[in-house]
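Take a look at the structure set out below.
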Amino acid sequence: MPEQLQLISGQTRINLLAEGNQNNPPVIMLHGLRDTAWSLLPVARKLAAPTQTHAGYRVYIMELRGHGASDRSEGYSMPNFLADLYRAVEAYGHQHCALFGHSLGGHLVTKFAALFPEQVQTLLLIEGMGPPRRPHEGHEVAEVQAYREMLLARLIRREKRSRPISSIEEVRQKLLKNNPRMSDILAAEIAPHLTRTVDGELAWAFDPAASSVFIGGGDNERFWKNVTAPTCIVSGTLSYEYWGRELPDAIFTGRFAEGEMEQRVSQFNNAEHHWFDQSGHMVHYDEPERLAKLCRTFLEKYYD
């Protein structure tokens, strides 16, 4: 079992999992929206494990505010999440560290690396480049309407309390249905940590209001250009499945246009990019061993 740690960011208690020797170089990992720190453990354990040629890393996985055992909050803006990450780097990152982020976690670690380059030596960015360009982008009237709908859906029309979850087995089955390439073993390990008990009943452990962090958006490129740390970027070739579900639109396929991802990667000062052909958006669900091997190789090359 991993160590469980806590830190206080403002008035919010943040939960962390830790693996590896405390004397080894620190890696701080962040999961994505509606996920859990526990889903990154298969990757974290590979990064923490000593080998014949390397002592391994001290790995900390933050549980984002509004998720898992971390506190819920009234504030879920990008600065709120960045402040939490700042506190974690301050507490566990020593003078500099490596950052790993998936999806929302990827947006956060990228912004942090641009804002505080002196504290980040290496960056691992997993499906953190945002969705493909959508049809309304670049059309002011359509963009304003899209902003309105996102505001209403994610913040004002807060989701009603979902029906109680019948069992952890129901959660496991839902994970496998939504992520058909995920192993049964990994789904069983993660499922309990995606729930919490509310009034004696099982409920999801994430706060639906946390999705308000993406209201507005659209400022990624200026941060990409200001990342100086060597960056490993991983994309799932099958991520169109996820984007098509998350951003339904009659004329949006969820697929990147030819050269679109390459153009984004080129904004970084020092980055390499990898397509994972057997992965969708949840790369750490679909190919955790391959992801861990790539990240470990990159870290050993740029971070010691």
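Going by the structure tokens order, chains are called A, B, ..., each with residues numbered from 1, while ligands are numbered from 1 in the order shown.
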
Report as a list of chain:residue names all protein, DNA and RNA residues lying within 8 Å of region 277-291 of chain A, evaluated on only C-alpha atoms, omitting residues in the same chain fewer than 4 positions from it.
A:Ser39, A:Leu40, A:Pro42, A:Val43, A:Ser103, A:Ile126, A:Glu127, A:Asn179, A:Arg181, A:Met182, A:Ser183, A:Leu186, A:Ser235, A:Gly236, A:Thr237, A:Leu238, A:Ser239, A:Tyr240, A:Glu241, A:Tyr242, A:Cys295

Could you save those same residues with C-alpha atoms as a PDB file, in the first residue's frame?
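File written: part03.pdb
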```pdb
ATOM      1  CA  SER A  39      -5.380   5.153 -10.990  1.00  0.00           C
ATOM      2  CA  LEU A  40      -1.797   6.388 -11.455  1.00  0.00           C
ATOM      3  CA  PRO A  42       0.708   1.325 -11.636  1.00  0.00           C
ATOM      4  CA  VAL A  43       2.822   3.987 -13.344  1.00  0.00           C
ATOM      5  CA  SER A 103      -5.681  15.471 -18.895  1.00  0.00           C
ATOM      6  CA  ILE A 126      -0.174  12.701 -20.957  1.00  0.00           C
ATOM      7  CA  GLU A 127      -3.239  13.582 -23.064  1.00  0.00           C
ATOM      8  CA  ASN A 179     -12.709   1.801 -20.982  1.00  0.00           C
ATOM      9  CA  ARG A 181      -9.094  -1.840 -23.136  1.00  0.00           C
ATOM     10  CA  MET A 182      -8.648  -1.590 -19.368  1.00  0.00           C
ATOM     11  CA  SER A 183      -7.654  -4.758 -17.491  1.00  0.00           C
ATOM     12  CA  LEU A 186      -6.819  -2.484 -12.719  1.00  0.00           C
ATOM     13  CA  SER A 235      -1.268  11.143 -27.038  1.00  0.00           C
ATOM     14  CA  GLY A 236      -3.745   8.301 -27.441  1.00  0.00           C
ATOM     15  CA  THR A 237      -4.545   7.624 -31.090  1.00  0.00           C
ATOM     16  CA  LEU A 238      -8.024   6.450 -30.064  1.00  0.00           C
ATOM     17  CA  SER A 239      -8.788   9.537 -27.962  1.00  0.00           C
ATOM     18  CA  TYR A 240     -11.440  10.578 -30.493  1.00  0.00           C
ATOM     19  CA  GLU A 241     -13.742   8.124 -28.708  1.00  0.00           C
ATOM     20  CA  TYR A 242     -13.503  10.228 -25.533  1.00  0.00           C
ATOM     21  CA  CYS A 295       8.284   7.931 -18.660  1.00  0.00           C
TER      22      CYS A 295
END
```

What are the DSSP strand (DSSP E or B) residues of region 23-250 of chain A, as a ChimeraX atom specification?
/A:26-30,58-63,97-102,120-126,165,195-198,201-204,231-236

Identify, with DSSP run on backbone atoms, the residues in region 150-270 of chain A assigned to alpha helix (DSSP H), and express the list as a ChimeraX atom specification.
/A:150-151,168-178,184-190,220-224,240-246,260-265

Expected file: the selected residues, N, CA and C atoms, as a JSON list (two decimals), in the first residue's frame:
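Okay, again_20.json is ready:
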```json
[["chain", "number", "residue", "atom", "x", "y", "z"],
["A", 150, "MET", "N", -21.48, 26.23, -21.77],
["A", 150, "MET", "CA", -20.58, 25.60, -20.81],
["A", 150, "MET", "C", -20.81, 26.15, -19.41],
["A", 151, "LEU", "N", -21.00, 27.46, -19.31],
["A", 151, "LEU", "CA", -21.26, 28.08, -18.01],
["A", 151, "LEU", "C", -22.53, 27.53, -17.39],
["A", 168, "ILE", "N", -19.56, -1.56, -5.28],
["A", 168, "ILE", "CA", -18.28, -1.34, -5.93],
["A", 168, "ILE", "C", -18.23, -2.11, -7.26],
["A", 169, "GLU", "N", -18.91, -3.25, -7.30],
["A", 169, "GLU", "CA", -18.95, -4.02, -8.54],
["A", 169, "GLU", "C", -19.61, -3.22, -9.66],
["A", 170, "GLU", "N", -20.61, -2.42, -9.35],
["A", 170, "GLU", "CA", -21.23, -1.57, -10.36],
["A", 170, "GLU", "C", -20.21, -0.57, -10.92],
["A", 171, "VAL", "N", -19.39, -0.03, -10.04],
["A", 171, "VAL", "CA", -18.36, 0.92, -10.47],
["A", 171, "VAL", "C", -17.35, 0.22, -11.36],
["A", 172, "ARG", "N", -16.94, -0.97, -10.96],
["A", 172, "ARG", "CA", -15.98, -1.74, -11.76],
["A", 172, "ARG", "C", -16.53, -2.01, -13.16],
["A", 173, "GLN", "N", -17.78, -2.40, -13.22],
["A", 173, "GLN", "CA", -18.40, -2.70, -14.51],
["A", 173, "GLN", "C", -18.50, -1.44, -15.38],
["A", 174, "LYS", "N", -18.78, -0.30, -14.75],
["A", 174, "LYS", "CA", -18.87, 0.94, -15.51],
["A", 174, "LYS", "C", -17.50, 1.34, -16.06],
["A", 175, "LEU", "N", -16.45, 1.16, -15.24],
["A", 175, "LEU", "CA", -15.10, 1.44, -15.70],
["A", 175, "LEU", "C", -14.77, 0.61, -16.94],
["A", 176, "LEU", "N", -15.09, -0.67, -16.90],
["A", 176, "LEU", "CA", -14.78, -1.56, -18.02],
["A", 176, "LEU", "C", -15.61, -1.24, -19.24],
["A", 177, "LYS", "N", -16.85, -0.81, -19.03],
["A", 177, "LYS", "CA", -17.71, -0.43, -20.16],
["A", 177, "LYS", "C", -17.18, 0.82, -20.85],
["A", 178, "ASN", "N", -16.77, 1.81, -20.05],
["A", 178, "ASN", "CA", -16.28, 3.07, -20.61],
["A", 178, "ASN", "C", -14.84, 2.97, -21.12],
["A", 184, "ASP", "N", -9.19, -6.08, -16.17],
["A", 184, "ASP", "CA", -10.10, -6.34, -15.06],
["A", 184, "ASP", "C", -9.43, -6.06, -13.72],
["A", 185, "ILE", "N", -8.15, -6.40, -13.62],
["A", 185, "ILE", "CA", -7.42, -6.22, -12.36],
["A", 185, "ILE", "C", -7.32, -4.75, -12.01],
["A", 186, "LEU", "N", -6.95, -3.92, -12.98],
["A", 186, "LEU", "CA", -6.82, -2.48, -12.72],
["A", 186, "LEU", "C", -8.16, -1.87, -12.38],
["A", 187, "ALA", "N", -9.23, -2.27, -13.06],
["A", 187, "ALA", "CA", -10.57, -1.74, -12.76],
["A", 187, "ALA", "C", -10.96, -2.08, -11.33],
["A", 188, "ALA", "N", -10.67, -3.30, -10.89],
["A", 188, "ALA", "CA", -11.01, -3.71, -9.53],
["A", 188, "ALA", "C", -10.20, -2.92, -8.49],
["A", 189, "GLU", "N", -8.95, -2.59, -8.82],
["A", 189, "GLU", "CA", -8.12, -1.83, -7.88],
["A", 189, "GLU", "C", -8.59, -0.38, -7.74],
["A", 190, "ILE", "N", -9.03, 0.21, -8.85],
["A", 190, "ILE", "CA", -9.40, 1.62, -8.85],
["A", 190, "ILE", "C", -10.80, 1.86, -8.32],
["A", 220, "ASN", "N", -3.98, 28.05, -23.85],
["A", 220, "ASN", "CA", -2.91, 27.07, -23.68],
["A", 220, "ASN", "C", -1.62, 27.44, -24.40],
["A", 221, "GLU", "N", -1.73, 27.96, -25.62],
["A", 221, "GLU", "CA", -0.55, 28.11, -26.46],
["A", 221, "GLU", "C", 0.50, 29.03, -25.84],
["A", 222, "ARG", "N", 0.07, 30.09, -25.19],
["A", 222, "ARG", "CA", 1.07, 30.99, -24.61],
["A", 222, "ARG", "C", 1.83, 30.33, -23.46],
["A", 223, "PHE", "N", 1.20, 29.37, -22.78],
["A", 223, "PHE", "CA", 1.92, 28.63, -21.75],
["A", 223, "PHE", "C", 2.88, 27.62, -22.38],
["A", 224, "TRP", "N", 2.43, 26.93, -23.42],
["A", 224, "TRP", "CA", 3.31, 25.96, -24.08],
["A", 224, "TRP", "C", 4.62, 26.63, -24.50],
["A", 240, "TYR", "N", -10.23, 10.04, -29.87],
["A", 240, "TYR", "CA", -11.44, 10.58, -30.49],
["A", 240, "TYR", "C", -12.70, 9.96, -29.88],
["A", 241, "GLU", "N", -12.59, 8.74, -29.37],
["A", 241, "GLU", "CA", -13.74, 8.12, -28.71],
["A", 241, "GLU", "C", -14.19, 8.97, -27.52],
["A", 242, "TYR", "N", -13.22, 9.42, -26.73],
["A", 242, "TYR", "CA", -13.50, 10.23, -25.53],
["A", 242, "TYR", "C", -14.02, 11.61, -25.91],
["A", 243, "TRP", "N", -13.33, 12.28, -26.84],
["A", 243, "TRP", "CA", -13.73, 13.64, -27.18],
["A", 243, "TRP", "C", -15.11, 13.66, -27.84],
["A", 244, "GLY", "N", -15.43, 12.65, -28.59],
["A", 244, "GLY", "CA", -16.75, 12.58, -29.20],
["A", 244, "GLY", "C", -17.86, 12.45, -28.18],
["A", 245, "ARG", "N", -17.57, 11.74, -27.07],
["A", 245, "ARG", "CA", -18.57, 11.62, -25.99],
["A", 245, "ARG", "C", -18.65, 12.88, -25.15],
["A", 246, "GLU", "N", -17.49, 13.45, -24.84],
["A", 246, "GLU", "CA", -17.43, 14.60, -23.94],
["A", 246, "GLU", "C", -17.93, 15.89, -24.58],
["A", 260, "GLU", "N", -2.37, 18.79, -36.85],
["A", 260, "GLU", "CA", -2.82, 19.65, -35.75],
["A", 260, "GLU", "C", -2.03, 19.39, -34.47],
["A", 261, "MET", "N", -1.85, 18.13, -34.12],
["A", 261, "MET", "CA", -1.10, 17.82, -32.91],
["A", 261, "MET", "C", 0.36, 18.22, -33.06],
["A", 262, "GLU", "N", 0.92, 17.99, -34.23],
["A", 262, "GLU", "CA", 2.32, 18.33, -34.46],
["A", 262, "GLU", "C", 2.53, 19.84, -34.31],
["A", 263, "GLN", "N", 1.56, 20.63, -34.76],
["A", 263, "GLN", "CA", 1.67, 22.08, -34.63],
["A", 263, "GLN", "C", 1.67, 22.48, -33.16],
["A", 264, "ARG", "N", 0.86, 21.82, -32.35],
["A", 264, "ARG", "CA", 0.82, 22.13, -30.92],
["A", 264, "ARG", "C", 2.15, 21.77, -30.25],
["A", 265, "VAL", "N", 2.65, 20.59, -30.56],
["A", 265, "VAL", "CA", 3.91, 20.15, -29.95],
["A", 265, "VAL", "C", 5.04, 21.11, -30.31]]
```

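By chain and then residue number, the residues within 10 Å of Leu299 (chain A) are Val27, Leu47, Gly56, Tyr57, Ala98, Gln121, Thr122, Leu123, Leu124, Pro230, Thr231, Cys232, Lys293, Leu294, Cys295, Tyr303 and Asp304 of chain A, counting only C-alpha atoms and disregarding those fewer than 4 positions away in sequence.
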
Would you output that residue set with N, CA and C atoms, as a compact mmCIF listing (two decimals), in the first residue's frame?
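Just written: result_11.txt:
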```txt
# COMPACT_ATOMS: atom_id res chain seq x y z
N VAL A 27 9.14 13.11 -8.02
CA VAL A 27 8.23 13.25 -9.16
C VAL A 27 6.83 13.47 -8.58
N LEU A 47 7.95 3.89 -11.66
CA LEU A 47 8.89 5.00 -11.55
C LEU A 47 9.67 4.94 -10.23
N GLY A 56 15.71 4.76 -8.65
CA GLY A 56 14.28 5.04 -8.69
C GLY A 56 13.97 6.44 -8.19
N TYR A 57 12.69 6.77 -8.13
CA TYR A 57 12.24 8.11 -7.78
C TYR A 57 11.31 8.07 -6.58
N ALA A 98 10.33 16.79 -11.06
CA ALA A 98 9.68 16.42 -12.31
C ALA A 98 8.19 16.41 -12.07
N GLN A 121 12.20 20.56 -13.56
CA GLN A 121 13.34 20.14 -14.39
C GLN A 121 12.87 19.32 -15.59
N THR A 122 11.79 18.56 -15.41
CA THR A 122 11.32 17.67 -16.47
C THR A 122 9.79 17.62 -16.42
N LEU A 123 9.16 17.49 -17.60
CA LEU A 123 7.70 17.50 -17.68
C LEU A 123 7.23 16.30 -18.49
N LEU A 124 6.24 15.59 -17.92
CA LEU A 124 5.61 14.45 -18.58
C LEU A 124 4.13 14.80 -18.78
N PRO A 230 12.59 20.04 -20.56
CA PRO A 230 12.38 18.96 -21.52
C PRO A 230 11.03 18.29 -21.26
N THR A 231 10.26 18.09 -22.31
CA THR A 231 8.87 17.64 -22.16
C THR A 231 8.61 16.40 -23.00
N CYS A 232 8.03 15.40 -22.36
CA CYS A 232 7.59 14.19 -23.05
C CYS A 232 6.07 14.24 -23.16
N LYS A 293 7.16 2.68 -18.80
CA LYS A 293 8.49 2.45 -19.38
C LYS A 293 8.99 3.70 -20.10
N LEU A 294 8.11 4.33 -20.90
CA LEU A 294 8.50 5.54 -21.62
C LEU A 294 8.86 6.66 -20.65
N CYS A 295 8.02 6.86 -19.63
CA CYS A 295 8.28 7.93 -18.66
C CYS A 295 9.58 7.69 -17.91
N TYR A 303 16.51 13.80 -16.09
CA TYR A 303 16.24 14.22 -14.72
C TYR A 303 17.00 13.36 -13.73
N ASP A 304 18.20 13.81 -13.36
CA ASP A 304 18.98 13.12 -12.32
C ASP A 304 20.05 14.06 -11.79
```

CA of Leu30 (chain A) and CA of Ser77 (chain A), how far apart in Å?
15.9 Å

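Across the structure, CA of Met62 (chain A) and CA of Ala37 (chain A) are spaced 6.2 Å apart.
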
Counting only C-alpha atoms, figure out which residue out of A:Gln52, A:Met1, A:Ala88, A:Leu33 gets nearest to Arg13 (chain A).
A:Ala88

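In this model, the gap between CA of Leu16 (chain A) and CA of Ala113 (chain A) comes to 20.0 Å.
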
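Nearest-residue note for Asn226 (chain A): choosing from A:His31, A:Arg87, A:Lys111, A:Arg296, the minimum distance belongs to A:Lys111, counting only C-alpha atoms.
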
Determine, counting only C-alpha atoms, which protein, DNA and RNA residues have an atom within 12 Å of an atom of Leu64 (chain A); residues of the same chain fewer than 5 positions away are not included. Present the result as a ChimeraX atom specification.
/A:6-7,9,12-17,29-38,69-73,76,78,80-85,88,101-102,104-105,108,205-207,210-211,213

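Each of A:Pro132, A:Asn269, A:Ala229, A:Val120 was compared to Gly254 (chain A) using only C-alpha atoms, and A:Pro132 turns out to be the nearest.
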
Do you know which residues are at most 10 Å from Asn21 (chain A) counting only C-alpha atoms, after dropping those on the same chain fewer than 3 positions away, and could you put them as JSON, numbers by chain?
{"A": [18, 24, 25, 26, 48, 49, 50, 55, 56, 57, 58, 59]}

For the selection just defined, write its residues with N, CA and C atoms to a file, as a PDB file, in the first residue's frame.
```
ATOM      1  N   ALA A  18       2.122   8.324  -1.826  1.00  0.00           N
ATOM      2  CA  ALA A  18       3.570   8.389  -2.031  1.00  0.00           C
ATOM      3  C   ALA A  18       4.149   6.990  -2.161  1.00  0.00           C
ATOM      4  N   ASN A  24      15.283   9.815  -2.903  1.00  0.00           N
ATOM      5  CA  ASN A  24      15.395   9.824  -4.359  1.00  0.00           C
ATOM      6  C   ASN A  24      14.756  11.077  -4.953  1.00  0.00           C
ATOM      7  N   PRO A  25      15.107  11.433  -6.188  1.00  0.00           N
ATOM      8  CA  PRO A  25      14.554  12.640  -6.810  1.00  0.00           C
ATOM      9  C   PRO A  25      13.027  12.588  -6.870  1.00  0.00           C
ATOM     10  N   PRO A  26      12.356  13.710  -6.565  1.00  0.00           N
ATOM     11  CA  PRO A  26      10.892  13.700  -6.492  1.00  0.00           C
ATOM     12  C   PRO A  26      10.210  13.868  -7.847  1.00  0.00           C
ATOM     13  N   ALA A  48       9.029   4.453  -9.192  1.00  0.00           N
ATOM     14  CA  ALA A  48       9.651   4.424  -7.864  1.00  0.00           C
ATOM     15  C   ALA A  48      10.591   3.238  -7.678  1.00  0.00           C
ATOM     16  N   ALA A  49      10.393   2.183  -8.439  1.00  0.00           N
ATOM     17  CA  ALA A  49      11.136   0.938  -8.201  1.00  0.00           C
ATOM     18  C   ALA A  49      12.610   1.073  -8.563  1.00  0.00           C
ATOM     19  N   PRO A  50      13.508   0.626  -7.673  1.00  0.00           N
ATOM     20  CA  PRO A  50      14.940   0.615  -8.012  1.00  0.00           C
ATOM     21  C   PRO A  50      15.248  -0.462  -9.041  1.00  0.00           C
ATOM     22  N   ALA A  55      18.374   4.128  -8.869  1.00  0.00           N
ATOM     23  CA  ALA A  55      17.757   3.980  -7.548  1.00  0.00           C
ATOM     24  C   ALA A  55      16.248   4.188  -7.559  1.00  0.00           C
ATOM     25  N   GLY A  56      15.711   4.757  -8.648  1.00  0.00           N
ATOM     26  CA  GLY A  56      14.280   5.044  -8.694  1.00  0.00           C
ATOM     27  C   GLY A  56      13.970   6.443  -8.185  1.00  0.00           C
ATOM     28  N   TYR A  57      12.686   6.765  -8.133  1.00  0.00           N
ATOM     29  CA  TYR A  57      12.240   8.112  -7.783  1.00  0.00           C
ATOM     30  C   TYR A  57      11.305   8.073  -6.580  1.00  0.00           C
ATOM     31  N   ARG A  58      11.223   9.192  -5.905  1.00  0.00           N
ATOM     32  CA  ARG A  58      10.236   9.381  -4.851  1.00  0.00           C
ATOM     33  C   ARG A  58       9.019  10.006  -5.531  1.00  0.00           C
ATOM     34  N   VAL A  59       7.916   9.284  -5.597  1.00  0.00           N
ATOM     35  CA  VAL A  59       6.758   9.697  -6.378  1.00  0.00           C
ATOM     36  C   VAL A  59       5.607  10.091  -5.458  1.00  0.00           C
TER      37      VAL A  59
END
```
